Amino acid sequence: MNRSAMRELAFKAMYGMEVQKEHTNEQLDLFLEDNEINESDAIEYIKSVFNGIETNKEEILKMISDNLKRDWTIERISKVNLA
């Protein structure tokens with residue numbers, strides 16, 4: 001699997017979790033299983049993206065909030081853009 005395909009899968013995983021409002025390792029494992037992702041490179045990449053986002057979530061959300069137009073909130077941003 002090439003890097004572009006792995007990035008797309010990581011995006012889909014994050015989007016799904018954003019919609020479900022459940023960001024857990026169990027959800028990530030279910031995503032990998034449901035999408036029959038069994039290449040170790042892809043699994044490692046997707047998990048590293050997930051862990052990086054979860055580890056830095058507060059900082060990421062603050063950076064987004066700091067750059068929103070006046071009177072906008074994170075809740076108004078589409079799930080696709082947040083993913």
# chains A, B, ... in the order shown; residues from 1 in each chain; ligands from 1
>>> residues_around(residues="stretch 30-37 of chain A", least_positions_apart="4", cutoff="7 Å", atoms="only C-alpha atoms", output="list in words")
Ala13, Glu26 and Ile43 of chain A
>>> write_last_selection(atoms="N, CA and C atoms", output="mmCIF file, in the first residue's frame")
data_model
loop_
_atom_site.group_PDB
_atom_site.id
_atom_site.type_symbol
_atom_site.label_atom_id
_atom_site.label_comp_id
_atom_site.auth_asym_id
_atom_site.auth_seq_id
_atom_site.Cartn_x
_atom_site.Cartn_y
_atom_site.Cartn_z
ATOM 1 N N ALA A 13 -10.479 7.058 9.063
ATOM 2 C CA ALA A 13 -10.579 6.623 10.457
ATOM 3 C C ALA A 13 -10.886 7.809 11.363
ATOM 4 N N GLU A 26 -10.046 1.141 20.684
ATOM 5 C CA GLU A 26 -10.964 0.083 20.262
ATOM 6 C C GLU A 26 -11.652 0.460 18.950
ATOM 7 N N ILE A 43 -0.915 -0.253 9.152
ATOM 8 C CA ILE A 43 -1.413 -0.254 10.530
ATOM 9 C C ILE A 43 -0.558 0.675 11.395
#
>>> select_by_dssp(residues="chain A", states="helix (DSSP H, G or I)", output="MDAnalysis selection string")
chainID A and resid 3:20 25:34 40:55 57:66 74:76 79:82
>>> atom_distance(atom1="atom CA of A:Lys62", atom2="atom CA of A:Lys79")
16.5 Å
>>> residues_around(residues="A:Ile46", least_positions_apart="3", cutoff="12 Å", atoms="only C-alpha atoms", output="PDB file with N, CA and C atoms, in the first residue's frame")
ATOM      1  N   ARG A   3       1.838   5.397   0.307  1.00  0.00           N
ATOM      2  CA  ARG A   3       1.662   6.396   1.369  1.00  0.00           C
ATOM      3  C   ARG A   3       0.347   7.167   1.208  1.00  0.00           C
ATOM      4  N   SER A   4      -0.016   7.469  -0.027  1.00  0.00           N
ATOM      5  CA  SER A   4      -1.257   8.196  -0.291  1.00  0.00           C
ATOM      6  C   SER A   4      -2.472   7.402   0.185  1.00  0.00           C
ATOM      7  N   ALA A   5      -2.475   6.120  -0.082  1.00  0.00           N
ATOM      8  CA  ALA A   5      -3.580   5.257   0.357  1.00  0.00           C
ATOM      9  C   ALA A   5      -3.624   5.176   1.878  1.00  0.00           C
ATOM     10  N   MET A   6      -2.459   5.141   2.512  1.00  0.00           N
ATOM     11  CA  MET A   6      -2.420   5.096   3.978  1.00  0.00           C
ATOM     12  C   MET A   6      -2.957   6.400   4.576  1.00  0.00           C
ATOM     13  N   ARG A   7      -2.615   7.542   3.956  1.00  0.00           N
ATOM     14  CA  ARG A   7      -3.130   8.833   4.447  1.00  0.00           C
ATOM     15  C   ARG A   7      -4.645   8.886   4.301  1.00  0.00           C
ATOM     16  N   GLU A   8      -5.150   8.366   3.191  1.00  0.00           N
ATOM     17  CA  GLU A   8      -6.598   8.356   2.976  1.00  0.00           C
ATOM     18  C   GLU A   8      -7.290   7.512   4.040  1.00  0.00           C
ATOM     19  N   LEU A   9      -6.737   6.370   4.349  1.00  0.00           N
ATOM     20  CA  LEU A   9      -7.322   5.516   5.386  1.00  0.00           C
ATOM     21  C   LEU A   9      -7.257   6.179   6.760  1.00  0.00           C
ATOM     22  N   ALA A  10      -6.161   6.858   7.047  1.00  0.00           N
ATOM     23  CA  ALA A  10      -6.039   7.571   8.329  1.00  0.00           C
ATOM     24  C   ALA A  10      -7.108   8.656   8.412  1.00  0.00           C
ATOM     25  N   PHE A  11      -7.330   9.361   7.309  1.00  0.00           N
ATOM     26  CA  PHE A  11      -8.374  10.398   7.268  1.00  0.00           C
ATOM     27  C   PHE A  11      -9.749   9.774   7.507  1.00  0.00           C
ATOM     28  N   LYS A  12     -10.031   8.674   6.833  1.00  0.00           N
ATOM     29  CA  LYS A  12     -11.325   8.013   7.005  1.00  0.00           C
ATOM     30  C   LYS A  12     -11.531   7.563   8.444  1.00  0.00           C
ATOM     31  N   ALA A  13     -10.479   7.058   9.063  1.00  0.00           N
ATOM     32  CA  ALA A  13     -10.579   6.623  10.457  1.00  0.00           C
ATOM     33  C   ALA A  13     -10.886   7.809  11.363  1.00  0.00           C
ATOM     34  N   MET A  14     -10.164   8.904  11.179  1.00  0.00           N
ATOM     35  CA  MET A  14     -10.386  10.080  12.021  1.00  0.00           C
ATOM     36  C   MET A  14     -11.769  10.683  11.768  1.00  0.00           C
ATOM     37  N   ASN A  25      -8.889   3.587  21.125  1.00  0.00           N
ATOM     38  CA  ASN A  25      -8.086   2.562  20.447  1.00  0.00           C
ATOM     39  C   ASN A  25      -8.977   1.423  19.945  1.00  0.00           C
ATOM     40  N   LEU A  28     -10.419   2.424  16.689  1.00  0.00           N
ATOM     41  CA  LEU A  28      -9.396   2.331  15.655  1.00  0.00           C
ATOM     42  C   LEU A  28      -9.185   0.876  15.242  1.00  0.00           C
ATOM     43  N   ASP A  29      -9.132  -0.025  16.208  1.00  0.00           N
ATOM     44  CA  ASP A  29      -8.978  -1.449  15.899  1.00  0.00           C
ATOM     45  C   ASP A  29     -10.157  -1.965  15.077  1.00  0.00           C
ATOM     46  N   PHE A  31     -12.002  -0.164  13.046  1.00  0.00           N
ATOM     47  CA  PHE A  31     -11.839   0.408  11.714  1.00  0.00           C
ATOM     48  C   PHE A  31     -10.865  -0.431  10.892  1.00  0.00           C
ATOM     49  N   LEU A  32      -9.724  -0.759  11.495  1.00  0.00           N
ATOM     50  CA  LEU A  32      -8.721  -1.552  10.786  1.00  0.00           C
ATOM     51  C   LEU A  32      -9.270  -2.920  10.397  1.00  0.00           C
ATOM     52  N   ILE A  37      -7.530  -4.081   6.868  1.00  0.00           N
ATOM     53  CA  ILE A  37      -6.187  -3.530   6.762  1.00  0.00           C
ATOM     54  C   ILE A  37      -5.268  -4.439   7.562  1.00  0.00           C
ATOM     55  N   ASN A  38      -4.382  -5.130   6.868  1.00  0.00           N
ATOM     56  CA  ASN A  38      -3.513  -6.070   7.569  1.00  0.00           C
ATOM     57  C   ASN A  38      -2.033  -5.883   7.231  1.00  0.00           C
ATOM     58  N   GLU A  39      -1.703  -4.875   6.432  1.00  0.00           N
ATOM     59  CA  GLU A  39      -0.293  -4.566   6.170  1.00  0.00           C
ATOM     60  C   GLU A  39       0.279  -3.847   7.386  1.00  0.00           C
ATOM     61  N   SER A  40       1.402  -4.343   7.878  1.00  0.00           N
ATOM     62  CA  SER A  40       1.971  -3.761   9.097  1.00  0.00           C
ATOM     63  C   SER A  40       2.357  -2.294   8.916  1.00  0.00           C
ATOM     64  N   ASP A  41       2.855  -1.926   7.728  1.00  0.00           N
ATOM     65  CA  ASP A  41       3.215  -0.516   7.495  1.00  0.00           C
ATOM     66  C   ASP A  41       1.992   0.382   7.588  1.00  0.00           C
ATOM     67  N   ALA A  42       0.881  -0.046   7.002  1.00  0.00           N
ATOM     68  CA  ALA A  42      -0.347   0.754   7.021  1.00  0.00           C
ATOM     69  C   ALA A  42      -0.894   0.856   8.437  1.00  0.00           C
ATOM     70  N   ILE A  43      -0.915  -0.253   9.152  1.00  0.00           N
ATOM     71  CA  ILE A  43      -1.413  -0.254  10.530  1.00  0.00           C
ATOM     72  C   ILE A  43      -0.558   0.675  11.395  1.00  0.00           C
ATOM     73  N   VAL A  49      -0.670   8.212  13.327  1.00  0.00           N
ATOM     74  CA  VAL A  49      -1.472   9.419  13.078  1.00  0.00           C
ATOM     75  C   VAL A  49      -2.492   9.589  14.205  1.00  0.00           C
ATOM     76  N   PHE A  50      -3.211   8.520  14.511  1.00  0.00           N
ATOM     77  CA  PHE A  50      -4.229   8.555  15.563  1.00  0.00           C
ATOM     78  C   PHE A  50      -3.604   8.969  16.898  1.00  0.00           C
ATOM     79  N   ASN A  51      -2.506   8.320  17.274  1.00  0.00           N
ATOM     80  CA  ASN A  51      -1.862   8.628  18.557  1.00  0.00           C
ATOM     81  C   ASN A  51      -1.319  10.047  18.586  1.00  0.00           C
ATOM     82  N   GLY A  52      -0.773  10.513  17.475  1.00  0.00           N
ATOM     83  CA  GLY A  52      -0.269  11.881  17.404  1.00  0.00           C
ATOM     84  C   GLY A  52      -1.375  12.897  17.583  1.00  0.00           C
ATOM     85  N   ILE A  53      -2.495  12.648  16.949  1.00  0.00           N
ATOM     86  CA  ILE A  53      -3.637  13.561  17.081  1.00  0.00           C
ATOM     87  C   ILE A  53      -4.181  13.533  18.499  1.00  0.00           C
TER      88      ILE A  53
END
>>> atom_distance(atom1="atom CA of A:Glu18", atom2="atom CA of A:Glu59")
16.9 Å
>>> closest_residue(among="A:Asn81, A:Tyr45, A:Glu58, A:Thr24", to="A:Met1", atoms="only C-alpha atoms")
A:Tyr45
>>> closest_residue(among="A:Asn56, A:Tyr15, A:Lys47, A:Leu61", to="A:Ile74", atoms="only C-alpha atoms")
A:Leu61
